[in-house]
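J.: File follows, work25.cif with mmCIF, C-alpha atoms:
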data_query
#
loop_
_atom_site.label_atom_id
_atom_site.label_comp_id
_atom_site.auth_asym_id
_atom_site.auth_seq_id
_atom_site.Cartn_x
_atom_site.Cartn_y
_atom_site.Cartn_z
CA MET A 1 49.84 16.05 26.42
CA ALA A 2 48.55 19.51 26.91
CA ASP A 3 45.51 19.87 29.13
CA ASP A 4 42.83 21.05 26.73
CA GLY A 5 39.95 20.12 29.02
CA THR A 6 39.02 16.92 27.18
CA THR A 7 39.62 13.62 28.91
CA ARG A 8 40.56 10.47 27.06
CA GLY A 9 37.16 8.99 27.96
CA GLN A 10 35.25 11.98 26.59
CA PHE A 11 37.27 11.90 23.40
CA LEU A 12 36.60 8.20 22.88
CA SER A 13 32.85 8.58 23.60
CA LEU A 14 32.63 11.43 21.15
CA SER A 15 34.59 9.47 18.55
CA THR A 16 32.30 6.47 18.98
CA VAL A 17 29.23 8.62 18.43
CA GLY A 18 30.88 10.34 15.46
CA ILE A 19 32.02 7.13 13.80
CA GLY A 20 28.63 5.57 14.48
CA ALA A 21 26.91 8.52 12.81
CA ALA A 22 29.28 8.25 9.85
CA ILE A 23 28.57 4.52 9.45
CA GLY A 24 24.84 5.19 9.75
CA GLY A 25 25.10 7.87 7.10
CA VAL A 26 27.04 5.63 4.74
CA ILE A 27 24.21 3.09 4.88
CA GLY A 28 21.25 5.39 5.44
CA VAL A 29 21.81 8.14 2.90
CA PRO A 30 22.12 5.94 -0.21
CA ALA A 31 19.29 3.66 1.05
CA THR A 32 16.96 6.63 1.50
CA ALA A 33 17.91 8.10 -1.86
CA TYR A 34 17.41 4.70 -3.51
CA ILE A 35 13.93 4.16 -2.10
CA LEU A 36 12.79 7.75 -2.75
CA ALA A 37 14.28 8.11 -6.24
CA PRO A 38 11.12 7.03 -8.11
CA VAL A 39 9.36 10.07 -6.64
CA THR A 40 11.28 12.26 -9.09
CA ASN A 41 10.60 10.05 -12.13
CA GLU A 42 8.57 11.83 -14.75
CA ALA A 43 5.79 10.15 -16.64
CA GLN A 44 6.17 10.44 -20.39
CA PHE A 45 3.26 10.04 -22.69
CA GLN A 46 4.35 8.09 -25.74
CA PRO A 47 2.26 8.77 -28.86
CA VAL A 48 0.50 5.54 -29.68
CA PHE A 49 -1.47 4.15 -32.63
CA LEU A 50 -5.09 3.37 -31.74
CA GLY A 51 -6.43 1.99 -35.00
CA LYS A 52 -7.56 2.82 -38.51
CA VAL A 53 -9.99 5.70 -38.72
CA ASP A 54 -12.74 3.60 -40.36
CA GLN A 55 -12.77 1.29 -37.31
CA PHE A 56 -14.27 4.13 -35.34
CA THR A 57 -16.58 5.92 -37.76
CA SER A 58 -19.52 3.47 -37.94
CA GLU A 59 -20.86 4.57 -34.55
CA GLN A 60 -24.66 4.86 -34.23
CA GLY A 61 -25.94 7.17 -31.47
CA PHE A 62 -23.55 7.35 -28.51
CA ASP A 63 -21.62 4.10 -28.63
CA PRO A 64 -17.87 4.84 -28.35
CA THR A 65 -15.43 2.23 -29.58
CA ALA A 66 -12.91 0.81 -27.13
CA ALA A 67 -9.29 1.00 -28.27
CA THR A 68 -6.54 -0.54 -26.17
CA TYR A 69 -3.00 0.72 -26.09
CA VAL A 70 0.11 0.37 -23.95
CA GLU A 71 0.92 3.40 -21.87
CA ASP A 72 4.51 2.43 -20.97
CA PRO A 73 6.25 0.32 -23.65
CA ASP A 74 8.75 -0.88 -21.00
CA ASN A 75 5.92 -2.35 -18.91
CA PRO A 76 3.37 -3.71 -21.38
CA ALA A 77 1.86 -6.17 -18.87
CA THR A 78 1.19 -3.57 -16.22
CA SER A 79 0.29 -0.42 -18.12
CA PRO A 80 -2.54 -1.37 -20.41
CA GLY A 81 -4.59 1.67 -21.34
CA LEU A 82 -8.00 1.91 -22.90
CA ALA A 83 -9.35 4.89 -24.81
CA TRP A 84 -13.00 5.37 -25.71
CA VAL A 85 -13.17 6.79 -29.21
CA HIS A 86 -16.41 8.65 -29.85
CA SER A 87 -17.09 9.50 -33.46
CA THR A 88 -19.10 12.72 -33.64
CA GLY A 89 -20.24 12.31 -37.24
CA LYS A 90 -18.44 15.55 -38.16
CA SER A 91 -15.31 15.74 -40.22
CA ASN A 92 -12.86 18.29 -38.78
CA PRO A 93 -9.49 16.58 -38.18
CA ASP A 94 -8.41 19.33 -35.74
CA TRP A 95 -8.90 17.72 -32.32
CA THR A 96 -9.50 21.03 -30.49
CA ALA A 97 -12.24 22.17 -32.88
CA ALA A 98 -15.87 22.31 -31.78
CA ASP A 99 -16.78 20.14 -34.79
CA ALA A 100 -13.87 17.71 -34.42
CA MET A 101 -14.56 14.26 -35.90
CA PHE A 102 -13.53 12.38 -32.76
CA VAL A 103 -13.55 12.86 -29.01
CA VAL A 104 -11.14 10.41 -27.40
CA PHE A 105 -11.87 9.82 -23.71
CA SER A 106 -9.59 8.20 -21.17
CA ASN A 107 -11.30 5.30 -19.39
CA ARG A 108 -9.67 6.24 -16.08
CA CYS A 109 -12.36 7.20 -13.59
CA MET A 110 -11.66 10.53 -11.91
CA HIS A 111 -12.66 9.19 -8.53
CA LEU A 112 -9.87 6.68 -7.91
CA GLY A 113 -8.75 5.45 -11.31
CA CYS A 114 -10.94 2.42 -12.02
CA PRO A 115 -11.80 1.69 -15.68
CA VAL A 116 -15.10 3.22 -16.83
CA GLN A 117 -17.44 1.47 -19.26
CA ALA A 118 -19.27 3.25 -22.06
CA THR A 119 -23.06 3.09 -22.03
CA SER A 120 -25.65 4.72 -24.27
CA GLN A 121 -25.97 7.49 -21.64
CA GLY A 122 -22.24 8.15 -21.24
CA PHE A 123 -19.83 6.32 -18.96
CA GLN A 124 -20.22 4.27 -15.81
CA CYS A 125 -17.58 3.18 -13.30
CA PRO A 126 -17.91 -0.30 -11.73
CA CYS A 127 -15.95 0.40 -8.55
CA HIS A 128 -17.88 3.06 -6.67
CA GLY A 129 -20.70 4.03 -9.02
CA GLY A 130 -19.33 7.14 -10.70
CA ALA A 131 -21.33 8.16 -13.80
CA TYR A 132 -20.52 10.59 -16.62
CA ASN A 133 -22.57 11.97 -19.50
CA THR A 134 -21.69 11.79 -23.18
CA VAL A 135 -19.15 14.62 -22.96
CA GLY A 136 -17.50 13.05 -19.92
CA GLN A 137 -19.02 15.38 -17.32
CA ARG A 138 -19.81 13.83 -13.98
CA ILE A 139 -23.51 13.26 -13.47
CA ALA A 140 -23.50 10.98 -10.41
CA GLY A 141 -21.26 9.40 -7.82
CA PRO A 142 -17.97 10.41 -6.28
CA PRO A 143 -15.82 11.62 -9.25
CA ILE A 144 -14.85 15.25 -8.83
CA ARG A 145 -14.07 16.21 -12.40
CA PRO A 146 -14.78 15.18 -16.01
CA LEU A 147 -13.00 12.30 -17.71
CA ASP A 148 -9.53 13.07 -19.10
CA ARG A 149 -9.27 13.35 -22.87
CA PHE A 150 -6.57 12.43 -25.33
CA GLN A 151 -5.08 14.76 -27.87
CA TRP A 152 -5.29 12.90 -31.17
CA VAL A 153 -4.03 13.25 -34.69
CA ILE A 154 -4.63 11.43 -37.95
CA LYS A 155 -1.40 10.21 -39.50
CA ASN A 156 -0.89 8.80 -43.00
CA SER A 157 -4.46 9.89 -43.84
CA ASP A 158 -6.16 6.95 -42.04
CA GLU A 159 -4.34 6.17 -38.77
CA LEU A 160 -5.73 7.49 -35.51
CA TRP A 161 -2.98 8.25 -32.98
CA ILE A 162 -3.22 9.65 -29.48
CA THR A 163 -0.35 11.94 -28.62
CA GLN A 164 -1.03 13.40 -25.18
CA ARG A 165 -3.33 13.14 -22.18
CA TRP A 166 -5.10 16.22 -20.82
CA SER A 167 -7.26 16.77 -17.79
CA VAL A 168 -10.49 18.52 -18.59
CA ASP A 169 -13.06 20.87 -17.15
CA PHE A 170 -15.91 22.86 -18.66
CA ASN A 171 -16.58 26.56 -18.37
CA GLY A 172 -20.06 28.00 -17.86
CA ASP A 173 -20.86 27.84 -21.59
CA GLY A 174 -19.95 24.14 -21.81
CA LYS A 175 -16.67 24.94 -23.57
CA VAL A 176 -13.87 22.47 -22.85
CA LEU A 177 -10.89 23.70 -20.83
CA TYR A 178 -7.66 21.68 -20.89
CA PHE A 179 -5.23 21.31 -17.99
CA PRO A 180 -2.00 19.43 -17.31
CA VAL A 181 -2.80 15.98 -15.93
CA LYS A 182 -3.57 15.60 -12.25
CA MET A 183 -4.14 12.51 -10.14
CA PRO A 184 -7.65 11.09 -10.09
CA GLY A 185 -9.51 12.60 -7.15
CA GLN A 186 -7.78 15.96 -7.41
CA PRO A 187 -9.57 19.03 -8.76
CA VAL A 188 -8.12 20.64 -11.92
CA ALA A 189 -9.04 24.14 -10.88
CA PRO A 190 -9.55 24.36 -7.15
CA PRO A 191 -10.98 27.57 -5.71
CA GLY A 192 -8.52 30.25 -4.68
CA PRO A 193 -5.33 31.67 -6.13
CA SER A 194 -3.70 29.34 -8.64
CA ILE A 195 -0.33 29.32 -6.86
CA VAL A 196 -1.95 27.90 -3.73
CA ALA A 197 -3.87 25.42 -5.87
CA ASP A 198 -0.69 24.30 -7.63
CA VAL A 199 1.01 23.66 -4.31
CA LEU A 200 -2.02 21.87 -2.88
CA TYR A 201 -2.63 19.74 -5.95
CA PRO A 202 0.59 19.41 -7.95
CA ASN A 203 0.36 18.27 -11.56
CA VAL A 204 1.47 14.80 -12.43
CA THR A 205 4.80 15.60 -14.01
CA TYR A 206 4.02 14.78 -17.57
CA ASP A 207 6.36 16.52 -19.92
CA HIS A 208 3.61 18.29 -21.79
CA GLY A 209 3.87 21.18 -24.22
CA ALA A 210 1.70 24.26 -24.24
CA VAL A 211 -1.79 23.71 -22.83
CA PRO A 212 -4.22 23.66 -25.77
CA GLN A 213 -7.23 25.95 -26.06
CA ALA A 214 -10.48 24.59 -27.37
CA LYS A 215 -11.66 26.46 -30.45
CA MET B 216 32.61 -49.54 43.73
CA PRO B 217 30.00 -48.67 41.08
CA ILE B 218 30.16 -45.35 39.38
CA PRO B 219 27.27 -43.18 40.67
CA VAL B 220 24.70 -42.82 37.90
CA PRO B 221 22.66 -39.61 38.26
CA ASP B 222 18.92 -40.16 38.14
CA GLY B 223 16.72 -38.43 35.56
CA LYS B 224 15.82 -35.42 37.67
CA GLN B 225 19.43 -34.75 38.53
CA LEU B 226 20.41 -35.04 34.89
CA VAL B 227 17.84 -32.42 33.90
CA LEU B 228 18.91 -30.09 36.70
CA GLN B 229 22.58 -30.48 35.80
CA THR B 230 21.85 -29.75 32.15
CA GLU B 231 19.85 -26.71 33.14
CA ASP B 232 22.70 -25.48 35.33
CA TRP B 233 25.14 -26.02 32.50
CA VAL B 234 23.02 -23.86 30.18
CA GLU B 235 22.25 -21.35 32.94
CA TYR B 236 25.93 -20.65 33.71
CA ARG B 237 26.71 -20.12 30.07
CA THR B 238 23.65 -18.25 28.74
CA GLY B 239 21.24 -17.31 31.52
CA PHE B 240 18.35 -18.46 29.33
CA PRO B 241 16.60 -20.63 31.97
CA THR B 242 16.27 -17.60 34.25
CA LEU B 243 15.05 -15.51 31.34
CA VAL B 244 12.40 -18.07 30.40
CA ARG B 245 11.34 -18.49 34.04
CA LYS B 246 10.97 -14.73 34.53
CA PHE B 247 9.05 -14.47 31.25
CA LEU B 248 6.64 -17.34 31.79
CA PHE B 249 6.22 -17.62 35.58
CA ARG B 250 4.97 -14.18 36.43
CA LYS B 251 2.41 -13.10 38.96
CA VAL B 252 -0.73 -11.97 37.17
CA PRO B 253 -4.00 -10.52 38.42
CA PRO B 254 -7.21 -12.52 37.86
CA THR B 255 -7.60 -12.72 34.09
CA GLY B 256 -10.23 -13.96 31.66
CA TRP B 257 -10.60 -14.98 28.06
CA PHE B 258 -10.15 -11.40 26.90
CA HIS B 259 -6.55 -11.58 28.03
CA THR B 260 -5.83 -14.32 25.52
CA LEU B 261 -6.24 -12.02 22.51
CA GLY B 262 -2.64 -10.77 22.58
CA SER B 263 -1.12 -14.23 22.59
CA SER B 264 -3.60 -15.29 19.89
CA LEU B 265 -2.25 -12.44 17.80
CA LEU B 266 1.31 -13.59 18.40
CA THR B 267 0.28 -17.09 17.33
CA VAL B 268 -1.31 -15.80 14.13
CA PHE B 269 1.76 -13.69 13.41
CA ILE B 270 3.94 -16.79 13.73
CA ILE B 271 1.57 -18.69 11.41
CA GLN B 272 1.80 -15.84 8.89
CA ALA B 273 5.59 -15.75 9.12
CA VAL B 274 5.93 -19.51 8.62
CA THR B 275 3.36 -19.88 5.83
CA GLY B 276 4.62 -16.68 4.18
CA SER B 277 8.18 -17.97 4.11
CA LEU B 278 6.94 -21.21 2.54
CA LEU B 279 4.91 -19.35 -0.08
CA ALA B 280 7.93 -17.20 -0.91
CA MET B 281 9.77 -20.35 -1.99
CA SER B 282 7.47 -20.74 -5.00
CA TYR B 283 6.21 -17.21 -5.59
CA ASN B 284 7.49 -15.21 -8.54
CA PRO B 285 7.08 -11.45 -8.04
CA SER B 286 6.92 -10.40 -11.68
CA PRO B 287 4.06 -9.15 -13.85
CA ASN B 288 4.11 -12.22 -16.09
CA GLY B 289 4.89 -14.81 -13.45
CA ALA B 290 3.04 -13.84 -10.28
CA TYR B 291 -0.44 -15.13 -11.12
CA GLU B 292 0.91 -18.32 -12.67
CA SER B 293 3.09 -19.03 -9.65
CA ILE B 294 0.09 -18.57 -7.34
CA ARG B 295 -1.87 -21.02 -9.46
CA TYR B 296 1.03 -23.43 -9.29
CA ILE B 297 1.16 -23.13 -5.49
CA THR B 298 -2.60 -23.65 -5.19
CA ASP B 299 -3.16 -26.41 -7.74
CA GLN B 300 0.09 -28.30 -8.18
CA GLU B 301 2.15 -28.18 -5.03
CA THR B 302 1.61 -30.69 -2.24
CA LEU B 303 -0.53 -28.95 0.39
CA GLY B 304 0.08 -25.66 -1.39
CA TRP B 305 -3.64 -24.89 -1.19
CA LEU B 306 -3.47 -25.38 2.58
CA ILE B 307 -0.42 -23.20 3.12
CA ARG B 308 -1.85 -20.44 0.93
CA GLY B 309 -5.25 -20.81 2.60
CA MET B 310 -3.71 -20.50 6.06
CA HIS B 311 -1.85 -17.37 4.97
CA LYS B 312 -4.94 -15.83 3.40
CA TRP B 313 -7.31 -16.58 6.28
CA GLY B 314 -4.60 -15.84 8.82
CA ALA B 315 -4.31 -12.35 7.36
CA SER B 316 -7.99 -11.68 8.02
CA MET B 317 -7.78 -13.30 11.46
CA MET B 318 -4.86 -11.08 12.36
CA VAL B 319 -6.79 -7.91 11.53
CA ILE B 320 -9.89 -9.12 13.40
CA LEU B 321 -7.91 -10.18 16.48
CA LEU B 322 -6.00 -6.92 16.37
CA PHE B 323 -9.21 -4.91 16.60
CA LEU B 324 -10.51 -7.12 19.42
CA HIS B 325 -7.20 -6.87 21.29
CA MET B 326 -7.18 -3.11 20.86
CA GLY B 327 -10.77 -2.95 22.05
CA ARG B 328 -9.95 -5.00 25.13
CA VAL B 329 -7.02 -2.71 25.96
CA PHE B 330 -9.18 0.35 25.41
CA PHE B 331 -12.14 -0.78 27.53
CA TYR B 332 -9.89 -2.02 30.34
CA GLY B 333 -8.14 1.34 30.34
CA ALA B 334 -4.92 -0.64 29.91
CA TYR B 335 -3.38 2.13 27.80
CA LYS B 336 -3.08 4.44 30.83
CA TYR B 337 -0.04 5.12 33.00
CA PRO B 338 2.38 3.39 33.10
CA ARG B 339 1.52 1.49 29.90
CA GLU B 340 1.42 4.34 27.36
CA MET B 341 4.42 2.97 25.46
CA THR B 342 2.80 -0.46 25.23
CA TRP B 343 -0.21 1.21 23.59
CA LEU B 344 2.01 3.23 21.24
CA THR B 345 4.08 0.25 20.09
CA GLY B 346 0.81 -1.66 19.65
CA SER B 347 -0.53 1.18 17.52
CA LEU B 348 2.56 0.99 15.31
CA ILE B 349 2.06 -2.75 14.94
CA PHE B 350 -1.57 -2.00 13.98
CA ILE B 351 -0.49 0.44 11.24
CA LEU B 352 2.14 -1.97 9.95
CA THR B 353 -0.39 -4.82 9.90
CA MET B 354 -2.63 -2.66 7.72
CA ALA B 355 0.39 -2.04 5.47
CA MET B 356 0.87 -5.82 5.29
CA GLY B 357 -2.73 -6.17 4.19
CA LEU B 358 -2.27 -3.53 1.49
CA THR B 359 1.02 -4.89 0.11
CA GLY B 360 -0.09 -8.54 0.32
CA TYR B 361 -3.33 -7.90 -1.53
CA LEU B 362 -1.50 -6.96 -4.72
CA LEU B 363 0.69 -10.06 -4.77
CA VAL B 364 -2.17 -12.37 -5.83
CA TRP B 365 -2.04 -10.40 -9.08
CA ASP B 366 -5.52 -11.12 -10.34
CA GLU B 367 -7.86 -8.42 -11.63
CA ARG B 368 -9.20 -7.65 -8.18
CA ALA B 369 -5.69 -7.38 -6.74
CA TYR B 370 -4.59 -5.07 -9.56
CA TRP B 371 -7.56 -2.70 -9.47
CA ALA B 372 -7.83 -2.66 -5.70
CA SER B 373 -4.18 -1.61 -5.60
CA VAL B 374 -4.76 1.04 -8.28
CA VAL B 375 -7.54 2.43 -6.09
CA ALA B 376 -5.39 2.24 -2.96
CA VAL B 377 -2.51 4.05 -4.64
CA ASN B 378 -4.88 6.69 -6.01
CA ILE B 379 -6.43 7.22 -2.57
CA ASN B 380 -2.93 8.14 -1.40
CA GLY B 381 -2.57 10.23 -4.56
CA THR B 382 -5.51 12.44 -3.61
CA ALA B 383 -3.66 13.80 -0.57
CA PRO B 384 -2.96 17.51 -0.94
CA VAL B 385 0.64 18.58 -1.67
CA LEU B 386 2.30 15.16 -1.28
CA GLY B 387 -0.33 13.10 -3.15
CA PRO B 388 1.44 12.49 -6.48
CA PHE B 389 4.75 11.92 -4.70
CA ILE B 390 3.31 9.32 -2.33
CA SER B 391 1.70 7.55 -5.23
CA LYS B 392 4.96 7.48 -7.20
CA PHE B 393 6.77 6.28 -4.08
CA LEU B 394 4.34 3.37 -3.75
CA LEU B 395 4.43 2.51 -7.44
CA GLY B 396 8.20 2.81 -7.68
CA GLY B 397 7.73 5.15 -10.65
CA PRO B 398 5.11 7.16 -12.46
CA VAL B 399 3.01 4.17 -13.59
CA PHE B 400 2.13 0.70 -12.39
CA GLY B 401 4.99 -1.50 -13.46
CA ALA B 402 7.18 -4.50 -12.80
CA GLN B 403 8.89 -2.44 -10.13
CA THR B 404 5.58 -1.99 -8.31
CA ILE B 405 5.00 -5.67 -7.67
CA SER B 406 8.61 -6.33 -6.60
CA ARG B 407 8.49 -3.26 -4.38
CA PHE B 408 5.32 -4.45 -2.68
CA TYR B 409 6.85 -7.92 -2.39
CA ALA B 410 10.00 -6.63 -0.68
CA LEU B 411 7.93 -4.49 1.68
CA HIS B 412 5.55 -7.36 2.38
CA MET B 413 8.04 -10.07 3.13
CA LEU B 414 11.18 -8.32 4.37
CA MET B 415 10.80 -4.80 5.68
CA ILE B 416 7.37 -4.68 7.33
CA PRO B 417 7.57 -8.14 8.96
CA GLY B 418 11.02 -7.25 10.32
CA LEU B 419 9.65 -4.06 11.83
CA ILE B 420 6.61 -5.85 13.24
CA GLY B 421 8.87 -8.51 14.77
CA ALA B 422 11.06 -5.90 16.41
CA LEU B 423 8.02 -4.03 17.73
CA ILE B 424 6.47 -7.25 19.08
CA PHE B 425 9.70 -7.77 21.02
CA VAL B 426 9.46 -4.28 22.55
CA HIS B 427 5.72 -4.72 23.15
CA LEU B 428 6.27 -8.03 25.01
CA TRP B 429 9.17 -6.61 26.95
CA LEU B 430 6.87 -3.86 28.21
CA VAL B 431 4.09 -6.34 29.04
CA VAL B 432 6.52 -8.40 31.13
CA LYS B 433 8.12 -5.38 32.75
CA LEU B 434 4.86 -3.59 33.64
CA GLY B 435 2.71 -6.63 34.32
CA VAL B 436 -0.75 -7.53 33.10
CA THR B 437 -3.45 -4.93 33.65
CA PRO B 438 -5.95 -5.98 36.31
CA TRP B 439 -9.70 -5.65 35.78
CA PRO B 440 -10.69 -2.05 35.87
CA SER B 441 -12.60 -1.27 39.02
CA ARG B 442 -14.12 1.72 40.66
CA PRO B 443 -12.62 2.36 44.08
CA VAL B 444 -14.90 1.06 46.82
CA PRO B 445 -15.96 4.09 48.95
CA ASP B 446 -14.20 2.72 52.05
CA GLU B 447 -10.96 2.21 50.14
CA ALA B 448 -11.20 5.65 48.60
CA ALA B 449 -11.47 7.10 52.06
CA GLY B 450 -8.21 5.41 52.94
CA ASP B 451 -9.82 2.84 55.16
#
Show me the file's structure as structure tokens.

T.:
Amino acid sequence: MADDGTTRGQFLSLSTVGIGAAIGGVIGVPATAYILAPVTNEAQFQPVFLGKVDQFTSEQGFDPTAATYVEDPDNPATSPGLAWVHSTGKSNPDWTAADAMFVVFSNRCMHLGCPVQATSQGFQCPCHGGAYNTVGQRIAGPPIRPLDRFQWVIKNSDELWITQRWSVDFNGDGKVLYFPVKMPGQPVAPPGPSIVADVLYPNVTYDHGAVPQAK
Amino acid sequence: MPIPVPDGKQLVLQTEDWVEYRTGFPTLVRKFLFRKVPPTGWFHTLGSSLLTVFIIQAVTGSLLAMSYNPSPNGAYESIRYITDQETLGWLIRGMHKWGASMMVILLFLHMGRVFFYGAYKYPREMTWLTGSLIFILTMAMGLTGYLLVWDERAYWASVVAVNINGTAPVLGPFISKFLLGGPVFGAQTISRFYALHMLMIPGLIGALIFVHLWLVVKLGVTPWPSRPVPDEAAGD
């Protein structure tokens, strides 16, 4: 054998390390990919039927009606959702209009995701005392942004459906601004350039269409 | 001539020799248990109390796993079955539940003892570090175990816990999806927490306890902290 400067012992040590690394990779790479795969899963919002329109229109004062739905049809036991349907007494069926007939709030508190309860003053969260007014704006407690809202549509002339979830903020004039959904506890429009904000607080990866503008 | 019958003591010694030549365990046990230690007090019992509680948790947890059903529709019912129907199920579950709280309390006391004795200093830094990892993993056990009861409090407390992780900048939504096993709370969440709670984290804790104990034996028990007496400091 030609003397190439490598002893038999060195070769075998190196081979042992190499084969060991290969075996580790064969186990480790698929295991890591398997456990991390859900990170790339995208949430899909399935349009869902909330109830007949006349169930929601008898509201007196501010007294939104609770409507339950299932967020993920594959996991009905673990993804119950609840929407608070507030009937405004107006009649415009365009959900983005200023005089829209309904405002459909998500009951997910924007502090850490507990379910908020409707009161005559607005909404109240049982977990850590977050409170919102009748348009879903935070008035007390730890939440950092208004309640999410649902895009809704009336199908077959009398069925109220929700078709998408949007995170919400208000501009100086009290006009509603819509944003792609973010986790509870994350600001929708943090200060600073938006690219930095998007990196700091990535959207939950709902497959949403164009962001609506309130009229 | 009668056959010589060894007396009891001889028999024990011969058996020990037999095992010693083949495994070396008697020496190992002797070195582990019969060590020289400085004067100690009750505070030094916290570590072994923790080990005892960990063993209780491992045993009762394994027993609970025999009847537990980690699925959204079955988890709560199986816990009720364990508590109300099974013989001594209430006791085993109670031991596991109270043991969990005891473990966290003892862990803080043990950590406090180590801190105030200065026992984390040279040469015991690695003992402190492995202990810190055990501390973090014990907290993870608390988090993952809390969900498994699968009542309203368990569900919403876990929603809050996942969302706390979700508020982290940059990685928040990814950490939350990692914990949930998907974008929303689902059947995969409870089985994921179950696997973490009863296989992965306990295995890691067990391995770290082994390293931790190895270091305790190798480096010896920390004596009472004391200020050098002036004469000694002067090299008298």

J.: Given the file shown, enumerate the residues that the PyMOL selection byres ((chain B and resi 386-400) around 6) captures and present them as a list in words.

T.: Pro38, Val39, Asn41, Ala43 and Thr78 of chain A; Val377, Asn380, Gly381, Thr382, Ala383, Pro384, Val385, Gly401, Gln403 and Thr404 of chain B

J.: Taking the file as I've supplied it (selection: the PyMOL selection byres ((chain A and resi 105) around 10)), which residues are included? Please answer as a ChimeraX atom specification.

T.: /A:64,66,82-86,102-104,106-108,123,135-136,146-151,165-166

J.: With C-alpha atoms retained, export the selected residues as a short mmCIF file (atom, residue, chain, number, x, y, z; two decimals), keeping the file's coordinate frame.

T.:
data_model
loop_
_atom_site.label_atom_id
_atom_site.label_comp_id
_atom_site.auth_asym_id
_atom_site.auth_seq_id
_atom_site.Cartn_x
_atom_site.Cartn_y
_atom_site.Cartn_z
CA PRO A 64 -17.87 4.84 -28.35
CA ALA A 66 -12.91 0.81 -27.13
CA LEU A 82 -8.00 1.91 -22.90
CA ALA A 83 -9.35 4.89 -24.81
CA TRP A 84 -13.00 5.37 -25.71
CA VAL A 85 -13.17 6.79 -29.21
CA HIS A 86 -16.41 8.65 -29.85
CA PHE A 102 -13.53 12.38 -32.76
CA VAL A 103 -13.55 12.86 -29.01
CA VAL A 104 -11.14 10.41 -27.40
CA SER A 106 -9.59 8.20 -21.17
CA ASN A 107 -11.30 5.30 -19.39
CA ARG A 108 -9.67 6.24 -16.08
CA PHE A 123 -19.83 6.32 -18.96
CA VAL A 135 -19.15 14.62 -22.96
CA GLY A 136 -17.50 13.05 -19.92
CA PRO A 146 -14.78 15.18 -16.01
CA LEU A 147 -13.00 12.30 -17.71
CA ASP A 148 -9.53 13.07 -19.10
CA ARG A 149 -9.27 13.35 -22.87
CA PHE A 150 -6.57 12.43 -25.33
CA GLN A 151 -5.08 14.76 -27.87
CA ARG A 165 -3.33 13.14 -22.18
CA TRP A 166 -5.10 16.22 -20.82
#

J.: Mind running chain A against chain B at 12 Å and telling me each contacting residue's nearest atom pair with the distance in Å (one decimal), counting only C-alpha atoms, chain and number ascending, as a Markdown table?

T.:
| residue | atom | partner | partner_atom | distance |
| --- | --- | --- | --- | --- |
| A:Thr32 | CA | B:Phe393 | CA | 11.6 |
| A:Ala33 | CA | B:Phe393 | CA | 11.5 |
| A:Tyr34 | CA | B:Gly396 | CA | 10.3 |
| A:Ile35 | CA | B:Phe393 | CA | 7.7 |
| A:Leu36 | CA | B:Phe393 | CA | 6.3 |
| A:Ala37 | CA | B:Phe393 | CA | 8.0 |
| A:Pro38 | CA | B:Gly397 | CA | 4.6 |
| A:Val39 | CA | B:Lys392 | CA | 5.1 |
| A:Thr40 | CA | B:Phe389 | CA | 7.9 |
| A:Asn41 | CA | B:Gly397 | CA | 5.9 |
| A:Glu42 | CA | B:Pro398 | CA | 6.2 |
| A:Ala43 | CA | B:Pro398 | CA | 5.2 |
| A:Gln44 | CA | B:Pro398 | CA | 8.6 |
| A:Phe45 | CA | B:Pro398 | CA | 10.8 |
| A:Val70 | CA | B:Val399 | CA | 11.4 |
| A:Glu71 | CA | B:Val399 | CA | 8.6 |
| A:Asp72 | CA | B:Val399 | CA | 7.7 |
| A:Pro73 | CA | B:Gly401 | CA | 10.4 |
| A:Asp74 | CA | B:Gly401 | CA | 8.4 |
| A:Asn75 | CA | B:Gly401 | CA | 5.6 |
| A:Pro76 | CA | B:Gly401 | CA | 8.4 |
| A:Ala77 | CA | B:Pro287 | CA | 6.2 |
| A:Thr78 | CA | B:Gly401 | CA | 5.1 |
| A:Ser79 | CA | B:Phe400 | CA | 6.1 |
| A:Pro80 | CA | B:Phe400 | CA | 9.5 |
| A:Gly81 | CA | B:Val399 | CA | 11.1 |
| A:Arg108 | CA | B:Val374 | CA | 10.6 |
| A:Cys109 | CA | B:Val375 | CA | 10.1 |
| A:Met110 | CA | B:Asn378 | CA | 9.8 |
| A:His111 | CA | B:Asn378 | CA | 8.6 |
| A:Leu112 | CA | B:Val375 | CA | 5.2 |
| A:Gly113 | CA | B:Val375 | CA | 6.2 |
| A:Cys114 | CA | B:Trp371 | CA | 6.6 |
| A:Pro115 | CA | B:Trp371 | CA | 8.7 |
| A:Pro126 | CA | B:Trp371 | CA | 10.9 |
| A:Cys127 | CA | B:Trp371 | CA | 9.0 |
| A:His128 | CA | B:Val375 | CA | 10.4 |
| A:Pro143 | CA | B:Thr382 | CA | 11.8 |
| A:Ile144 | CA | B:Thr382 | CA | 11.1 |
| A:Val181 | CA | B:Pro388 | CA | 10.9 |
| A:Lys182 | CA | B:Pro388 | CA | 8.3 |
| A:Met183 | CA | B:Gly381 | CA | 6.2 |
| A:Pro184 | CA | B:Asn378 | CA | 6.6 |
| A:Gly185 | CA | B:Thr382 | CA | 5.3 |
| A:Gln186 | CA | B:Thr382 | CA | 5.7 |
| A:Pro187 | CA | B:Thr382 | CA | 9.3 |
| A:Val188 | CA | B:Thr382 | CA | 12.0 |
| A:Pro190 | CA | B:Pro384 | CA | 11.4 |
| A:Ile195 | CA | B:Val385 | CA | 12.0 |
| A:Val196 | CA | B:Val385 | CA | 9.9 |
| A:Ala197 | CA | B:Val385 | CA | 9.2 |
| A:Asp198 | CA | B:Val385 | CA | 8.4 |
| A:Val199 | CA | B:Val385 | CA | 5.7 |
| A:Leu200 | CA | B:Val385 | CA | 4.4 |
| A:Tyr201 | CA | B:Pro384 | CA | 5.5 |
| A:Pro202 | CA | B:Val385 | CA | 6.3 |
| A:Asn203 | CA | B:Pro388 | CA | 7.8 |
| A:Val204 | CA | B:Pro388 | CA | 6.4 |
| A:Thr205 | CA | B:Pro398 | CA | 8.6 |
| A:Tyr206 | CA | B:Pro398 | CA | 9.2 |
